[in-house]
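Participant: Here it is, the structure in full.
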Amino acid sequence: MSGHSKWNTIKRKKGKEDAKRGKLFTKAIKEIQIAARQGGGDPGGNPRLRTAILNARAVNMPSDNIERAIKKGTGELEGTSYEEGSFEGYGPGGSAIYIETLSDNRNRTVSEIRHLFSKYGGSMGESGCVSWIFSKRGVIVLDAEKADEEKVMEVALEAGAEDITNEDGAIEVLCDQGSVAEIKEALDQAGLPVESAEVSMIPSNTVSLTGKEAHSCMKLIELFEDNDDVQNVFTNADIPAEVMAEF
């Protein structure tokens with residue numbers, strides 16, 4: 001799990017940079033729309049939408065924007081229709097890379113993702129080539145310096161969490177993907193500051209990268225995350241903290 005914990009740390013740091021560029025707003029709106037389209041506009045009966053709204057609020061998206069995104073998803077307002085997609089492949093050192101996309105033009109997305117995979121020693125693979133390594137789980141992250149681990153464990157487990165880890169300055173609460181919103185709400189009510197709450201893909205094993213391979217993997221991941229159609233990038237690469245700090 002340490003590989004995932006390190007990767008989550010860099011994702012949080014990159015997330016702050018993305019917010020400055022407005023990318024997180026765009027990604028949050030897309031996720032709200034697709035969640036509302038698939039499961040309806042009532043967050044009470046749509047766990048994916050509840051989580052999407054939580055993430056939108058976490059980047060300070062105004063309520064009006066959230067409501068418009070929901071209505072576009074349900075068809076009450078006219079909006080762009082996005083299609084979900086996933087792509088799999090290999091990064092430097094045989095690391096696995098799994099990408100989730102939301103796009104209004106699949107042909108464009110396929111072409112761009114294939115091209116990006118060719119950069120920095122990556123290669124796009126067939127569907128299923130690495131997805132078996134990952135499992136979809138809810139992940140809630142708290143800053144270990146701001147939250148008491150024992151209290152987090154008590155509140156989270158009572159609310160339905162499955163596991164709690166504390167590594168690299170982050171307390172991670174792992175849970176079923178449908179329980180993210182409820183557990184976050186319990187932590188909030190207990191006065192425990194949540195940094196992020198999302199549905200993630202957790203690798204069952206990791207590949208340790210060092211030196212040039214580690215740098216190349218980070219550069220490749222950065223290319224994917226800068227693509228407008230990419231929502232999430234997951235990897236089982238275990239990259240040294242000093243390399244991640246450079247990005």
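Chain labels run A, B, ... following the order of the structure tokens; each chain numbers its residues from 1, and ligands are numbered from 1 in the order shown.
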Can I get the residues of range 198-233 of chain A within 9 Å of range 20-33 of chain A, each with the closest pair of atoms and their distance in Å to one decimal, using only C-alpha atoms, sorted chain first then ascending number, as a tab-separated table?
Facilitator:
residue	atom	partner	partner_atom	distance
A:Asp226	CA	A:Lys23	CA	8.4
A:Asp228	CA	A:Lys23	CA	7.9
A:Asp229	CA	A:Lys27	CA	8.6
A:Val230	CA	A:Lys27	CA	8.3
A:Gln231	CA	A:Lys27	CA	6.0
Participant: Set the distance at 6 Å and use only C-alpha atoms: which residues neighbour Leu174 in chain A once local chain neighbours fewer than 2 positions away are removed? I'd like the list as a list in words.
Facilitator: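 Listed by chain and then number, they are Gly138, Val139, Glu162 and Asp163 of chain A.
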Participant: Suppose we keep N, CA and C atoms; can you now write the selection as an mmCIF file, in the first residue's frame?
Facilitator:
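File produced: again30.cif:
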data_model
loop_
_atom_site.group_PDB
_atom_site.id
_atom_site.type_symbol
_atom_site.label_atom_id
_atom_site.label_comp_id
_atom_site.auth_asym_id
_atom_site.auth_seq_id
_atom_site.Cartn_x
_atom_site.Cartn_y
_atom_site.Cartn_z
ATOM 1 N N GLY A 138 -12.997 3.342 -2.273
ATOM 2 C CA GLY A 138 -13.115 4.703 -1.795
ATOM 3 C C GLY A 138 -11.884 5.049 -0.974
ATOM 4 N N VAL A 139 -11.344 6.243 -1.169
ATOM 5 C CA VAL A 139 -10.153 6.690 -0.446
ATOM 6 C C VAL A 139 -10.404 8.086 0.104
ATOM 7 N N GLU A 162 -13.114 0.250 5.928
ATOM 8 C CA GLU A 162 -12.540 -1.092 5.928
ATOM 9 C C GLU A 162 -11.104 -1.123 6.446
ATOM 10 N N ASP A 163 -10.357 -0.038 6.257
ATOM 11 C CA ASP A 163 -8.957 -0.041 6.666
ATOM 12 C C ASP A 163 -8.476 1.401 6.796
#
Participant: Can you pull out every residue within 10 Å of Thr109 in chain A, counting only C-alpha atoms, but drop anything in the same chain fewer than 5 positions away, and send it as a list in words?
Facilitator: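 The filter keeps Gly85, Phe87, Thr101, Leu102, Ser103, Asp104, Arg114, His115, Asn227, Asp228, Asp229 and Val230 of chain A.
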Participant: Determine, counting only C-alpha atoms, which protein, DNA and RNA residues have an atom within 7 Å of an atom of range 187-204 of chain A; residues of the same chain fewer than 6 positions away are not included. Present the result as a compact mmCIF listing (two decimals) with N, CA and C atoms, in the first residue's frame.
Facilitator:
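Once written, selection_4.txt looks like this:
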# COMPACT_ATOMS: atom_id res chain seq x y z
N HIS A 4 0.79 3.23 -3.21
CA HIS A 4 -0.41 4.04 -3.40
C HIS A 4 -0.36 5.30 -2.56
N THR A 51 -20.40 11.78 -4.27
CA THR A 51 -18.94 11.92 -4.21
C THR A 51 -18.47 13.01 -5.16
N ASN A 55 -16.33 16.45 -4.16
CA ASN A 55 -15.08 16.86 -4.78
C ASN A 55 -15.19 18.25 -5.39
N ILE A 133 -4.77 -5.51 -12.07
CA ILE A 133 -3.90 -5.15 -10.95
C ILE A 133 -4.63 -4.22 -9.97
N PHE A 134 -5.64 -3.48 -10.47
CA PHE A 134 -6.29 -2.45 -9.67
C PHE A 134 -7.69 -2.87 -9.21
N SER A 135 -8.07 -2.38 -8.05
CA SER A 135 -9.44 -2.57 -7.56
C SER A 135 -10.00 -1.20 -7.17
N LYS A 136 -11.28 -0.98 -7.46
CA LYS A 136 -11.91 0.31 -7.20
C LYS A 136 -12.32 0.39 -5.74
N ARG A 137 -11.78 1.40 -5.05
CA ARG A 137 -12.06 1.58 -3.62
C ARG A 137 -12.28 3.07 -3.33
N GLY A 138 -13.00 3.34 -2.27
CA GLY A 138 -13.12 4.70 -1.79
C GLY A 138 -11.88 5.05 -0.97
N VAL A 139 -11.34 6.24 -1.17
CA VAL A 139 -10.15 6.69 -0.45
C VAL A 139 -10.40 8.09 0.10
N ILE A 140 -10.30 8.22 1.42
CA ILE A 140 -10.46 9.51 2.08
C ILE A 140 -9.13 9.84 2.75
N VAL A 141 -8.62 11.03 2.51
CA VAL A 141 -7.28 11.40 2.98
C VAL A 141 -7.37 12.55 3.97
N LEU A 142 -6.63 12.42 5.07
CA LEU A 142 -6.51 13.48 6.07
C LEU A 142 -5.03 13.74 6.31
N ASP A 143 -4.70 14.98 6.66
CA ASP A 143 -3.33 15.35 6.98
C ASP A 143 -3.00 14.81 8.38
N ALA A 147 -4.87 15.77 12.12
CA ALA A 147 -5.92 14.85 12.58
C ALA A 147 -5.32 13.76 13.46
N VAL A 155 -13.84 6.91 14.43
CA VAL A 155 -14.98 7.47 13.70
C VAL A 155 -15.19 6.76 12.36
N ALA A 156 -14.09 6.54 11.63
CA ALA A 156 -14.19 5.96 10.30
C ALA A 156 -14.68 4.51 10.33
N GLN A 177 -16.62 1.85 -2.42
CA GLN A 177 -16.75 3.06 -3.23
C GLN A 177 -18.08 3.79 -3.02
N VAL A 180 -18.14 6.56 0.44
CA VAL A 180 -17.24 7.70 0.59
C VAL A 180 -17.93 8.90 1.24
N PHE A 234 -3.97 6.41 -12.83
CA PHE A 234 -3.55 5.55 -11.73
C PHE A 234 -2.34 4.73 -12.17
N ASN A 236 0.85 1.78 -10.60
CA ASN A 236 1.40 1.00 -9.50
C ASN A 236 2.88 1.29 -9.32
Participant: Residues within 7 Å of Lys119 in chain A, please, as a ChimeraX atom specification. Count only C-alpha atoms; anything in the same chain fewer than 3 positions from it doesn't count.
Facilitator: /A:116,122,220
Participant: Skipping near chain neighbours, those fewer than 3 positions away, what residues fall within 9 Å of Val243 in chain A using only C-alpha atoms, listed as a list in words?
Facilitator: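 Near Val243 in chain A, the qualifying residues are Thr210, Gly211, Ala214, His215, Met218, Ile239, Pro240, Glu246 and Phe247 of chain A.
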Participant: When you look at Gly44 in chain A with a cut-off of 12 Å (counting only C-alpha atoms), what residues show up, excluding the ones that are within fewer than 5 positions of it in the same chain? I need them as an mmCIF file with N, CA and C atoms, in the first residue's frame.
Facilitator:
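Here's the written file selection-v1.cif:
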data_model
loop_
_atom_site.group_PDB
_atom_site.id
_atom_site.type_symbol
_atom_site.label_atom_id
_atom_site.label_comp_id
_atom_site.auth_asym_id
_atom_site.auth_seq_id
_atom_site.Cartn_x
_atom_site.Cartn_y
_atom_site.Cartn_z
ATOM 1 N N ALA A 36 -24.822 12.263 -12.897
ATOM 2 C CA ALA A 36 -26.252 12.588 -12.922
ATOM 3 C C ALA A 36 -26.946 11.904 -14.083
ATOM 4 N N GLY A 39 -27.104 8.021 -13.000
ATOM 5 C CA GLY A 39 -27.817 7.618 -11.788
ATOM 6 C C GLY A 39 -28.894 8.560 -11.315
ATOM 7 N N LEU A 49 -22.802 10.511 -7.618
ATOM 8 C CA LEU A 49 -23.074 11.947 -7.669
ATOM 9 C C LEU A 49 -22.727 12.613 -6.342
ATOM 10 N N ARG A 50 -23.025 11.946 -5.227
ATOM 11 C CA ARG A 50 -22.674 12.514 -3.919
ATOM 12 C C ARG A 50 -21.172 12.758 -3.824
ATOM 13 N N THR A 51 -20.396 11.777 -4.266
ATOM 14 C CA THR A 51 -18.942 11.919 -4.215
ATOM 15 C C THR A 51 -18.468 13.014 -5.160
ATOM 16 N N ILE A 53 -20.088 15.676 -6.063
ATOM 17 C CA ILE A 53 -20.430 16.971 -5.461
ATOM 18 C C ILE A 53 -19.443 17.314 -4.341
ATOM 19 N N GLY A 178 -19.102 3.076 -2.542
ATOM 20 C CA GLY A 178 -20.384 3.719 -2.305
ATOM 21 C C GLY A 178 -20.518 4.371 -0.942
ATOM 22 N N ALA A 181 -19.100 9.273 0.710
ATOM 23 C CA ALA A 181 -19.786 10.473 1.197
ATOM 24 C C ALA A 181 -20.182 10.340 2.664
ATOM 25 N N GLU A 182 -20.701 9.169 3.049
ATOM 26 C CA GLU A 182 -21.156 8.964 4.427
ATOM 27 C C GLU A 182 -19.995 9.032 5.414
#
Participant: Out of range 12-241 of chain A, which residues get strand (DSSP E or B) from DSSP, as an MDAnalysis selection string?
Facilitator: chainID A and resid 83:90 96:103 123:124 134:143 163:167 170:175 194:203 207:208 230:235 237:238
Participant: Go ahead and save the residues from that selection, with C-alpha atoms, as a short mmCIF file (atom, residue, chain, number, x, y, z; two decimals), in the first residue's frame.
Facilitator:
data_model
loop_
_atom_site.label_atom_id
_atom_site.label_comp_id
_atom_site.auth_asym_id
_atom_site.auth_seq_id
_atom_site.Cartn_x
_atom_site.Cartn_y
_atom_site.Cartn_z
CA GLU A 83 -18.63 9.43 -22.94
CA GLU A 84 -16.66 7.47 -20.36
CA GLY A 85 -13.58 5.59 -21.46
CA SER A 86 -10.57 3.81 -20.04
CA PHE A 87 -7.12 3.12 -21.42
CA GLU A 88 -4.40 0.80 -20.19
CA GLY A 89 -0.74 0.41 -20.81
CA TYR A 90 2.78 0.30 -19.47
CA ALA A 96 1.13 -0.30 -14.98
CA ILE A 97 -0.88 2.77 -16.00
CA TYR A 98 -4.68 2.93 -15.98
CA ILE A 99 -6.43 6.03 -17.32
CA GLU A 100 -10.06 7.14 -17.00
CA THR A 101 -11.42 9.64 -19.52
CA LEU A 102 -14.57 11.66 -20.17
CA SER A 103 -14.70 12.87 -23.75
CA SER A 123 3.29 1.77 -24.53
CA MET A 124 -0.48 1.51 -24.87
CA PHE A 134 -6.29 -2.45 -9.67
CA SER A 135 -9.44 -2.57 -7.56
CA LYS A 136 -11.91 0.31 -7.20
CA ARG A 137 -12.06 1.58 -3.62
CA GLY A 138 -13.12 4.70 -1.79
CA VAL A 139 -10.15 6.69 -0.45
CA ILE A 140 -10.46 9.51 2.08
CA VAL A 141 -7.28 11.40 2.98
CA LEU A 142 -6.51 13.48 6.07
CA ASP A 143 -3.33 15.35 6.98
CA ASP A 163 -8.96 -0.04 6.67
CA ILE A 164 -6.87 2.95 7.83
CA THR A 165 -3.20 3.57 7.02
CA ASN A 166 -0.80 6.32 8.06
CA GLU A 167 2.17 6.85 5.75
CA ALA A 170 -1.21 11.20 5.19
CA ILE A 171 -3.91 9.19 6.96
CA GLU A 172 -5.84 7.19 4.37
CA VAL A 173 -9.25 5.73 5.05
CA LEU A 174 -10.17 2.92 2.65
CA CYS A 175 -13.79 1.95 2.13
CA VAL A 194 -10.64 15.87 5.28
CA GLU A 195 -8.22 16.80 2.49
CA SER A 196 -9.79 14.69 -0.24
CA ALA A 197 -12.48 12.05 -0.72
CA GLU A 198 -12.69 10.08 -3.94
CA VAL A 199 -13.14 6.74 -5.64
CA SER A 200 -9.69 5.51 -6.62
CA MET A 201 -8.04 2.49 -8.23
CA ILE A 202 -5.79 0.72 -5.72
CA PRO A 203 -2.98 -1.50 -7.07
CA VAL A 207 6.85 -1.64 -9.08
CA SER A 208 9.75 0.32 -7.57
CA VAL A 230 -8.29 12.67 -18.88
CA GLN A 231 -10.13 12.54 -15.56
CA ASN A 232 -7.85 10.25 -13.55
CA VAL A 233 -4.52 8.50 -13.91
CA PHE A 234 -3.55 5.55 -11.73
CA THR A 235 -0.25 3.69 -11.55
CA ALA A 237 4.75 2.76 -9.80
CA ASP A 238 6.47 3.29 -6.44
#
Participant: Would you mind reading off the distance between CA of Thr206 in chain A and CA of Ala161 in chain A, one decimal, in Å?
Facilitator: 23.2 Å
